[in-house]
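To keep things clear, I will list the structure first and then write my remarks on it.
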Amino acid sequence: MHLQQEIVGTYKIAGISCRLECREENFRALLVSRYAAFSSSSDGAPEVTVKVDPTTAPSDGVEARATGPFARLGGRDPVLTIEGVGFRGAFDEVSGEGWITQPPDPTALETFLTAICAGRLLKNQGFLLHAAAIMTNGDSYVFFGPSGSGKTTVAELIGKGVITDEITAIRREDEGYVVSAVPWRGQSLTAPLSGLFRLRKARETAFSPLSPIEALRQLLPSVFFPRADAREIDRFLEIGGDLVERVPCYEMRFTPDGSFWAAIPRTRGAGAS
């Protein structure tokens, strides 16, 4: 099933070197165009390789979308699996190799890559967060919270320097943490992390420092977990515990007019010691 693949390219996705292969010319061209800004010229072996086998759409006319309840992630360690209407795949976390059979729509692949990168980061001093990230003056600020808290609003209000409005990769680098994005929800930008902000809409803007314990508690519901088992959660608590000791964390109450940006606490290089 997975013979005669052709390389789409090698890309830096959430800081991870990922090679994609696909036998179907049109879908391969779509991926090349879609991920062009994240292309990597590294000569080393990729950390992750995923082979994509496009198929026809489901015969019953149901559109195979890979979001919400239509995508089921599972599998037993060390194999991560994905399954849904018209698509299925598996990824070996030890070898770094996987495959997915799906309709010629990037949604299923990107859901799978999100899960793969989330698991990879947790093994290597990082994690994926449902969050917006904005870069200014060489530093980045991350805004997180549940659906409706204002992540997209914050990104749209500022506009310039938006790394992502939804999926933020945070990973350890040297003595600090850096922020980057995935191609399907962000730009190819990387910057040191200088502040974390738990969003709450309000009638006026105010910033309240969060203790490390409270910051960790607020972050946990916004973390991507491939399986959300005890091992993955414990691993995040270990990584996150170090992060919140190094990076200032705040609750940010704000009005949707952009005025918060001028008032935001800025501590350059906060993620480094």
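In the structure tokens, the first chain shown is A, the next is B, and so on; residue numbers restart at 1 for each chain, and ligands run from 1 in the order shown.
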
Report the residues of range 75-269 of chain A whose backbone DSSP state falls under strand (DSSP E or B), written as a PDB file with N, CA and C atoms, in the first residue's frame.
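Printed below is selection39.pdb as written:
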```
ATOM      1  N   VAL A  79       2.727   2.934  19.620  1.00  0.00           N
ATOM      2  CA  VAL A  79       2.071   3.223  18.344  1.00  0.00           C
ATOM      3  C   VAL A  79       0.864   4.132  18.569  1.00  0.00           C
ATOM      4  N   LEU A  80       0.857   5.276  17.894  1.00  0.00           N
ATOM      5  CA  LEU A  80      -0.253   6.215  17.932  1.00  0.00           C
ATOM      6  C   LEU A  80      -1.110   5.990  16.695  1.00  0.00           C
ATOM      7  N   THR A  81      -2.419   5.879  16.856  1.00  0.00           N
ATOM      8  CA  THR A  81      -3.306   5.642  15.728  1.00  0.00           C
ATOM      9  C   THR A  81      -4.323   6.765  15.587  1.00  0.00           C
ATOM     10  N   ILE A  82      -4.841   6.910  14.375  1.00  0.00           N
ATOM     11  CA  ILE A  82      -5.925   7.847  14.097  1.00  0.00           C
ATOM     12  C   ILE A  82      -6.937   7.140  13.201  1.00  0.00           C
ATOM     13  N   GLU A  83      -8.210   7.432  13.425  1.00  0.00           N
ATOM     14  CA  GLU A  83      -9.258   6.804  12.630  1.00  0.00           C
ATOM     15  C   GLU A  83     -10.462   7.732  12.576  1.00  0.00           C
ATOM     16  N   GLY A  84     -11.128   7.741  11.436  1.00  0.00           N
ATOM     17  CA  GLY A  84     -12.331   8.539  11.276  1.00  0.00           C
ATOM     18  C   GLY A  84     -13.053   8.145  10.006  1.00  0.00           C
ATOM     19  N   PHE A  87     -10.735   7.791   6.774  1.00  0.00           N
ATOM     20  CA  PHE A  87      -9.288   7.876   6.974  1.00  0.00           C
ATOM     21  C   PHE A  87      -8.850   7.037   8.166  1.00  0.00           C
ATOM     22  N   ARG A  88      -7.605   6.594   8.097  1.00  0.00           N
ATOM     23  CA  ARG A  88      -6.981   5.880   9.210  1.00  0.00           C
ATOM     24  C   ARG A  88      -5.471   5.958   9.036  1.00  0.00           C
ATOM     25  N   GLY A  89      -4.750   5.834  10.155  1.00  0.00           N
ATOM     26  CA  GLY A  89      -3.302   5.895  10.090  1.00  0.00           C
ATOM     27  C   GLY A  89      -2.667   5.397  11.369  1.00  0.00           C
ATOM     28  N   ALA A  90      -1.350   5.251  11.328  1.00  0.00           N
ATOM     29  CA  ALA A  90      -0.604   4.804  12.502  1.00  0.00           C
ATOM     30  C   ALA A  90       0.788   5.409  12.458  1.00  0.00           C
ATOM     31  N   PHE A  91       1.343   5.658  13.648  1.00  0.00           N
ATOM     32  CA  PHE A  91       2.674   6.233  13.762  1.00  0.00           C
ATOM     33  C   PHE A  91       3.445   5.508  14.849  1.00  0.00           C
ATOM     34  N   ASP A  92       4.633   5.001  14.509  1.00  0.00           N
ATOM     35  CA  ASP A  92       5.507   4.324  15.462  1.00  0.00           C
ATOM     36  C   ASP A  92       6.396   5.373  16.117  1.00  0.00           C
ATOM     37  N   GLU A  97       8.309   6.718  12.217  1.00  0.00           N
ATOM     38  CA  GLU A  97       7.702   6.529  10.907  1.00  0.00           C
ATOM     39  C   GLU A  97       6.214   6.227  11.034  1.00  0.00           C
ATOM     40  N   GLY A  98       5.439   6.773  10.086  1.00  0.00           N
ATOM     41  CA  GLY A  98       4.004   6.539  10.124  1.00  0.00           C
ATOM     42  C   GLY A  98       3.384   6.656   8.752  1.00  0.00           C
ATOM     43  N   TRP A  99       2.093   6.388   8.695  1.00  0.00           N
ATOM     44  CA  TRP A  99       1.348   6.474   7.438  1.00  0.00           C
ATOM     45  C   TRP A  99      -0.091   6.880   7.728  1.00  0.00           C
ATOM     46  N   ILE A 100      -0.738   7.437   6.720  1.00  0.00           N
ATOM     47  CA  ILE A 100      -2.160   7.737   6.812  1.00  0.00           C
ATOM     48  C   ILE A 100      -2.785   7.575   5.432  1.00  0.00           C
ATOM     49  N   THR A 101      -3.931   6.904   5.398  1.00  0.00           N
ATOM     50  CA  THR A 101      -4.738   6.762   4.196  1.00  0.00           C
ATOM     51  C   THR A 101      -5.963   7.635   4.389  1.00  0.00           C
ATOM     52  N   GLN A 102      -6.243   8.535   3.445  1.00  0.00           N
ATOM     53  CA  GLN A 102      -7.260   9.548   3.667  1.00  0.00           C
ATOM     54  C   GLN A 102      -7.730  10.145   2.344  1.00  0.00           C
ATOM     55  N   GLY A 126       9.038  19.915  25.767  1.00  0.00           N
ATOM     56  CA  GLY A 126       8.125  20.873  25.162  1.00  0.00           C
ATOM     57  C   GLY A 126       6.703  20.361  25.143  1.00  0.00           C
ATOM     58  N   PHE A 127       5.799  21.174  24.598  1.00  0.00           N
ATOM     59  CA  PHE A 127       4.406  20.771  24.475  1.00  0.00           C
ATOM     60  C   PHE A 127       3.696  21.688  23.490  1.00  0.00           C
ATOM     61  N   LEU A 128       2.531  21.263  23.005  1.00  0.00           N
ATOM     62  CA  LEU A 128       1.660  22.083  22.172  1.00  0.00           C
ATOM     63  C   LEU A 128       0.542  22.635  23.039  1.00  0.00           C
ATOM     64  N   LEU A 129       0.184  23.896  22.779  1.00  0.00           N
ATOM     65  CA  LEU A 129      -0.811  24.580  23.596  1.00  0.00           C
ATOM     66  C   LEU A 129      -1.858  25.225  22.688  1.00  0.00           C
ATOM     67  N   HIS A 130      -3.154  25.077  23.058  1.00  0.00           N
ATOM     68  CA  HIS A 130      -4.210  25.856  22.410  1.00  0.00           C
ATOM     69  C   HIS A 130      -3.995  27.306  22.829  1.00  0.00           C
ATOM     70  N   ALA A 131      -3.364  28.098  21.977  1.00  0.00           N
ATOM     71  CA  ALA A 131      -2.998  29.452  22.373  1.00  0.00           C
ATOM     72  C   ALA A 131      -2.635  30.284  21.160  1.00  0.00           C
ATOM     73  N   ALA A 132      -2.761  31.586  21.313  1.00  0.00           N
ATOM     74  CA  ALA A 132      -2.238  32.537  20.333  1.00  0.00           C
ATOM     75  C   ALA A 132      -0.857  32.984  20.797  1.00  0.00           C
ATOM     76  N   ALA A 133       0.006  33.300  19.839  1.00  0.00           N
ATOM     77  CA  ALA A 133       1.343  33.785  20.160  1.00  0.00           C
ATOM     78  C   ALA A 133       1.671  34.965  19.262  1.00  0.00           C
ATOM     79  N   ILE A 134       2.197  36.031  19.863  1.00  0.00           N
ATOM     80  CA  ILE A 134       2.521  37.249  19.130  1.00  0.00           C
ATOM     81  C   ILE A 134       3.960  37.641  19.439  1.00  0.00           C
ATOM     82  N   MET A 135       4.688  38.014  18.388  1.00  0.00           N
ATOM     83  CA  MET A 135       6.091  38.382  18.534  1.00  0.00           C
ATOM     84  C   MET A 135       6.253  39.887  18.370  1.00  0.00           C
ATOM     85  N   THR A 136       7.083  40.477  19.232  1.00  0.00           N
ATOM     86  CA  THR A 136       7.426  41.889  19.096  1.00  0.00           C
ATOM     87  C   THR A 136       8.814  42.115  19.683  1.00  0.00           C
ATOM     88  N   ASP A 139      10.836  39.103  21.022  1.00  0.00           N
ATOM     89  CA  ASP A 139      10.285  38.238  22.057  1.00  0.00           C
ATOM     90  C   ASP A 139       8.861  37.835  21.698  1.00  0.00           C
ATOM     91  N   SER A 140       8.369  36.779  22.338  1.00  0.00           N
ATOM     92  CA  SER A 140       7.002  36.334  22.072  1.00  0.00           C
ATOM     93  C   SER A 140       6.192  36.286  23.358  1.00  0.00           C
ATOM     94  N   TYR A 141       4.888  36.499  23.193  1.00  0.00           N
ATOM     95  CA  TYR A 141       3.945  36.482  24.303  1.00  0.00           C
ATOM     96  C   TYR A 141       2.808  35.544  23.912  1.00  0.00           C
ATOM     97  N   VAL A 142       2.439  34.672  24.830  1.00  0.00           N
ATOM     98  CA  VAL A 142       1.462  33.616  24.546  1.00  0.00           C
ATOM     99  C   VAL A 142       0.190  33.858  25.336  1.00  0.00           C
ATOM    100  N   PHE A 143      -0.960  33.739  24.647  1.00  0.00           N
ATOM    101  CA  PHE A 143      -2.265  34.023  25.228  1.00  0.00           C
ATOM    102  C   PHE A 143      -3.125  32.767  25.120  1.00  0.00           C
ATOM    103  N   PHE A 144      -3.575  32.244  26.262  1.00  0.00           N
ATOM    104  CA  PHE A 144      -4.283  30.972  26.249  1.00  0.00           C
ATOM    105  C   PHE A 144      -5.567  31.044  27.070  1.00  0.00           C
ATOM    106  N   VAL A 162       1.965  38.170  14.466  1.00  0.00           N
ATOM    107  CA  VAL A 162       1.249  37.001  14.967  1.00  0.00           C
ATOM    108  C   VAL A 162       1.947  35.728  14.488  1.00  0.00           C
ATOM    109  N   ILE A 163       2.419  34.933  15.429  1.00  0.00           N
ATOM    110  CA  ILE A 163       3.020  33.639  15.105  1.00  0.00           C
ATOM    111  C   ILE A 163       1.921  32.636  14.817  1.00  0.00           C
ATOM    112  N   THR A 164       0.886  32.624  15.660  1.00  0.00           N
ATOM    113  CA  THR A 164      -0.256  31.740  15.481  1.00  0.00           C
ATOM    114  C   THR A 164      -1.431  32.277  16.284  1.00  0.00           C
ATOM    115  N   ILE A 167      -2.562  27.285  17.616  1.00  0.00           N
ATOM    116  CA  ILE A 167      -1.714  26.158  18.032  1.00  0.00           C
ATOM    117  C   ILE A 167      -0.283  26.665  18.237  1.00  0.00           C
ATOM    118  N   THR A 168       0.134  26.733  19.481  1.00  0.00           N
ATOM    119  CA  THR A 168       1.455  27.254  19.838  1.00  0.00           C
ATOM    120  C   THR A 168       2.350  26.128  20.325  1.00  0.00           C
ATOM    121  N   ALA A 169       3.531  26.021  19.730  1.00  0.00           N
ATOM    122  CA  ALA A 169       4.532  25.067  20.202  1.00  0.00           C
ATOM    123  C   ALA A 169       5.490  25.785  21.144  1.00  0.00           C
ATOM    124  N   ILE A 170       5.659  25.235  22.328  1.00  0.00           N
ATOM    125  CA  ILE A 170       6.591  25.782  23.314  1.00  0.00           C
ATOM    126  C   ILE A 170       7.611  24.701  23.627  1.00  0.00           C
ATOM    127  N   ARG A 171       8.891  25.022  23.486  1.00  0.00           N
ATOM    128  CA  ARG A 171       9.905  23.998  23.737  1.00  0.00           C
ATOM    129  C   ARG A 171      11.152  24.613  24.366  1.00  0.00           C
ATOM    130  N   ARG A 172      11.838  23.807  25.132  1.00  0.00           N
ATOM    131  CA  ARG A 172      13.061  24.248  25.826  1.00  0.00           C
ATOM    132  C   ARG A 172      14.179  24.436  24.813  1.00  0.00           C
ATOM    133  N   GLU A 173      14.912  25.523  24.964  1.00  0.00           N
ATOM    134  CA  GLU A 173      16.098  25.767  24.135  1.00  0.00           C
ATOM    135  C   GLU A 173      17.136  26.444  25.003  1.00  0.00           C
ATOM    136  N   GLY A 176      16.258  28.629  28.243  1.00  0.00           N
ATOM    137  CA  GLY A 176      14.942  29.253  28.178  1.00  0.00           C
ATOM    138  C   GLY A 176      13.972  28.449  27.334  1.00  0.00           C
ATOM    139  N   TYR A 177      12.904  29.091  26.917  1.00  0.00           N
ATOM    140  CA  TYR A 177      11.879  28.461  26.087  1.00  0.00           C
ATOM    141  C   TYR A 177      11.630  29.320  24.854  1.00  0.00           C
ATOM    142  N   VAL A 178      11.341  28.645  23.742  1.00  0.00           N
ATOM    143  CA  VAL A 178      11.026  29.353  22.507  1.00  0.00           C
ATOM    144  C   VAL A 178       9.645  28.936  22.016  1.00  0.00           C
ATOM    145  N   VAL A 179       9.071  29.801  21.185  1.00  0.00           N
ATOM    146  CA  VAL A 179       7.717  29.607  20.661  1.00  0.00           C
ATOM    147  C   VAL A 179       7.773  29.511  19.138  1.00  0.00           C
ATOM    148  N   SER A 180       6.993  28.591  18.570  1.00  0.00           N
ATOM    149  CA  SER A 180       6.857  28.492  17.124  1.00  0.00           C
ATOM    150  C   SER A 180       5.458  27.980  16.807  1.00  0.00           C
ATOM    151  N   GLY A 186      -0.350  28.987  11.421  1.00  0.00           N
ATOM    152  CA  GLY A 186       0.610  29.984  11.837  1.00  0.00           C
ATOM    153  C   GLY A 186       1.657  30.311  10.798  1.00  0.00           C
ATOM    154  N   ALA A 191      10.559  32.673  18.330  1.00  0.00           N
ATOM    155  CA  ALA A 191      11.047  33.731  19.221  1.00  0.00           C
ATOM    156  C   ALA A 191      11.068  33.236  20.658  1.00  0.00           C
ATOM    157  N   PRO A 192      11.958  33.771  21.491  1.00  0.00           N
ATOM    158  CA  PRO A 192      11.981  33.404  22.914  1.00  0.00           C
ATOM    159  C   PRO A 192      10.659  33.765  23.585  1.00  0.00           C
ATOM    160  N   LEU A 193      10.245  32.925  24.512  1.00  0.00           N
ATOM    161  CA  LEU A 193       9.005  33.152  25.256  1.00  0.00           C
ATOM    162  C   LEU A 193       9.287  34.081  26.438  1.00  0.00           C
ATOM    163  N   SER A 194       8.523  35.195  26.508  1.00  0.00           N
ATOM    164  CA  SER A 194       8.745  36.169  27.577  1.00  0.00           C
ATOM    165  C   SER A 194       7.549  36.365  28.494  1.00  0.00           C
ATOM    166  N   GLY A 195       6.420  35.751  28.187  1.00  0.00           N
ATOM    167  CA  GLY A 195       5.266  35.898  29.065  1.00  0.00           C
ATOM    168  C   GLY A 195       4.108  35.025  28.638  1.00  0.00           C
ATOM    169  N   LEU A 196       3.353  34.514  29.631  1.00  0.00           N
ATOM    170  CA  LEU A 196       2.161  33.706  29.408  1.00  0.00           C
ATOM    171  C   LEU A 196       0.968  34.428  30.024  1.00  0.00           C
ATOM    172  N   PHE A 197      -0.159  34.464  29.298  1.00  0.00           N
ATOM    173  CA  PHE A 197      -1.317  35.235  29.744  1.00  0.00           C
ATOM    174  C   PHE A 197      -2.589  34.403  29.603  1.00  0.00           C
ATOM    175  N   ARG A 198      -3.241  34.148  30.725  1.00  0.00           N
ATOM    176  CA  ARG A 198      -4.510  33.441  30.747  1.00  0.00           C
ATOM    177  C   ARG A 198      -5.615  34.471  30.490  1.00  0.00           C
ATOM    178  N   LEU A 199      -6.328  34.324  29.385  1.00  0.00           N
ATOM    179  CA  LEU A 199      -7.273  35.337  28.928  1.00  0.00           C
ATOM    180  C   LEU A 199      -8.626  35.273  29.629  1.00  0.00           C
ATOM    181  N   ARG A 200      -9.138  36.472  29.936  1.00  0.00           N
ATOM    182  CA  ARG A 200     -10.519  36.624  30.411  1.00  0.00           C
ATOM    183  C   ARG A 200     -11.041  37.960  29.871  1.00  0.00           C
ATOM    184  N   LYS A 201     -12.148  37.914  29.170  1.00  0.00           N
ATOM    185  CA  LYS A 201     -12.745  39.143  28.665  1.00  0.00           C
ATOM    186  C   LYS A 201     -13.362  39.930  29.822  1.00  0.00           C
ATOM    187  N   ALA A 206      -6.647  44.546  32.934  1.00  0.00           N
ATOM    188  CA  ALA A 206      -5.873  44.430  34.172  1.00  0.00           C
ATOM    189  C   ALA A 206      -5.050  43.147  34.115  1.00  0.00           C
ATOM    190  N   PHE A 207      -3.893  43.167  34.748  1.00  0.00           N
ATOM    191  CA  PHE A 207      -2.991  42.019  34.779  1.00  0.00           C
ATOM    192  C   PHE A 207      -2.753  41.601  36.219  1.00  0.00           C
ATOM    193  N   SER A 208      -2.965  40.316  36.518  1.00  0.00           N
ATOM    194  CA  SER A 208      -2.736  39.787  37.864  1.00  0.00           C
ATOM    195  C   SER A 208      -1.727  38.655  37.779  1.00  0.00           C
ATOM    196  N   PRO A 209      -0.584  38.761  38.450  1.00  0.00           N
ATOM    197  CA  PRO A 209       0.402  37.673  38.411  1.00  0.00           C
ATOM    198  C   PRO A 209      -0.186  36.370  38.944  1.00  0.00           C
ATOM    199  N   VAL A 223      -3.513  22.185  27.005  1.00  0.00           N
ATOM    200  CA  VAL A 223      -2.417  21.413  26.421  1.00  0.00           C
ATOM    201  C   VAL A 223      -2.970  20.332  25.485  1.00  0.00           C
ATOM    202  N   CYS A 249       3.864  34.586  34.434  1.00  0.00           N
ATOM    203  CA  CYS A 249       2.517  34.177  34.034  1.00  0.00           C
ATOM    204  C   CYS A 249       1.499  35.105  34.685  1.00  0.00           C
ATOM    205  N   TYR A 250       0.489  35.500  33.912  1.00  0.00           N
ATOM    206  CA  TYR A 250      -0.511  36.440  34.394  1.00  0.00           C
ATOM    207  C   TYR A 250      -1.917  35.997  34.000  1.00  0.00           C
ATOM    208  N   GLU A 251      -2.887  36.428  34.775  1.00  0.00           N
ATOM    209  CA  GLU A 251      -4.261  36.452  34.292  1.00  0.00           C
ATOM    210  C   GLU A 251      -4.452  37.823  33.646  1.00  0.00           C
ATOM    211  N   MET A 252      -4.951  37.824  32.415  1.00  0.00           N
ATOM    212  CA  MET A 252      -5.145  39.074  31.693  1.00  0.00           C
ATOM    213  C   MET A 252      -6.624  39.295  31.429  1.00  0.00           C
ATOM    214  N   ARG A 253      -7.199  40.254  32.111  1.00  0.00           N
ATOM    215  CA  ARG A 253      -8.565  40.691  31.814  1.00  0.00           C
ATOM    216  C   ARG A 253      -8.455  41.836  30.819  1.00  0.00           C
ATOM    217  N   PHE A 254      -9.220  41.754  29.733  1.00  0.00           N
ATOM    218  CA  PHE A 254      -9.026  42.742  28.684  1.00  0.00           C
ATOM    219  C   PHE A 254     -10.326  43.075  27.962  1.00  0.00           C
TER     220      PHE A 254
END
```

Computed gap from CA of Glu214 in chain A to CA of Asn137 in chain A is 28.2 Å

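Nearest-residue note for Ala115 in chain A: choosing from A:Gly148, A:Pro46, A:Gly74, A:Pro256, the minimum distance belongs to A:Gly74, counting only C-alpha atoms.
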
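Proximity ranking of A:Ser17, A:Leu210, A:Trp184, A:Ala263 relative to Pro248 in chain A places A:Leu210 first, based on only C-alpha atoms.
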
Every residue of range 61-259 of chain A that DSSP places in helix (DSSP H, G or I), as a ChimeraX atom specification | /A:68-70,106-122,151-158,183-185,212-222,230-246

Would you list the contacts of Lys51 in chain A as a PDB file with N, CA and C atoms, in the first residue's frame, taking every protein, DNA or RNA residue within 8 Å and counting only C-alpha atoms, but skipping same-chain residues closer than 2 positions in sequence?
```
ATOM      1  N   HIS A   2       2.026   1.191   0.619  1.00  0.00           N
ATOM      2  CA  HIS A   2       2.811   2.399   0.826  1.00  0.00           C
ATOM      3  C   HIS A   2       4.099   2.419  -0.001  1.00  0.00           C
ATOM      4  N   GLN A   5       6.424   5.830  -2.948  1.00  0.00           N
ATOM      5  CA  GLN A   5       6.117   7.174  -2.460  1.00  0.00           C
ATOM      6  C   GLN A   5       7.116   8.170  -3.040  1.00  0.00           C
ATOM      7  N   LEU A  20       7.442  14.486   4.659  1.00  0.00           N
ATOM      8  CA  LEU A  20       6.183  13.983   4.147  1.00  0.00           C
ATOM      9  C   LEU A  20       6.403  13.340   2.789  1.00  0.00           C
ATOM     10  N   GLU A  21       5.742  12.208   2.560  1.00  0.00           N
ATOM     11  CA  GLU A  21       5.826  11.500   1.286  1.00  0.00           C
ATOM     12  C   GLU A  21       4.419  11.220   0.782  1.00  0.00           C
ATOM     13  N   CYS A  22       4.222  11.319  -0.526  1.00  0.00           N
ATOM     14  CA  CYS A  22       2.895  11.129  -1.108  1.00  0.00           C
ATOM     15  C   CYS A  22       3.039  10.668  -2.552  1.00  0.00           C
ATOM     16  N   THR A  49       8.751  10.816   9.783  1.00  0.00           N
ATOM     17  CA  THR A  49       8.398  10.606   8.377  1.00  0.00           C
ATOM     18  C   THR A  49       6.978  10.066   8.313  1.00  0.00           C
ATOM     19  N   ASP A  53      -1.337   8.415   1.727  1.00  0.00           N
ATOM     20  CA  ASP A  53      -1.969   7.737   0.602  1.00  0.00           C
ATOM     21  C   ASP A  53      -3.364   8.309   0.394  1.00  0.00           C
ATOM     22  N   GLY A  98       5.439   6.773  10.086  1.00  0.00           N
ATOM     23  CA  GLY A  98       4.004   6.539  10.124  1.00  0.00           C
ATOM     24  C   GLY A  98       3.384   6.656   8.752  1.00  0.00           C
ATOM     25  N   TRP A  99       2.093   6.388   8.695  1.00  0.00           N
ATOM     26  CA  TRP A  99       1.348   6.474   7.438  1.00  0.00           C
ATOM     27  C   TRP A  99      -0.091   6.880   7.728  1.00  0.00           C
ATOM     28  N   ILE A 100      -0.738   7.437   6.720  1.00  0.00           N
ATOM     29  CA  ILE A 100      -2.160   7.737   6.812  1.00  0.00           C
ATOM     30  C   ILE A 100      -2.785   7.575   5.432  1.00  0.00           C
TER      31      ILE A 100
END
```

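CA of Ala14 in chain A is positioned 12.8 Å from CA of Glu166 in chain A.
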
Atom pair CA of Glu238 in chain A + CA of Asp77 in chain A, distance 19.8 Å

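Distances to Lys123 in chain A were evaluated for A:Asp257, A:Asp165, A:Glu204, A:Glu93 using only C-alpha atoms, and the minimum falls at A:Glu93.
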
Choose the residue, out of A:Pro226, A:Gly258, A:Gly241, A:Pro104, that has the smallest atom-to-atom separation from Val154 in chain A; count only C-alpha atoms.
-> A:Gly258
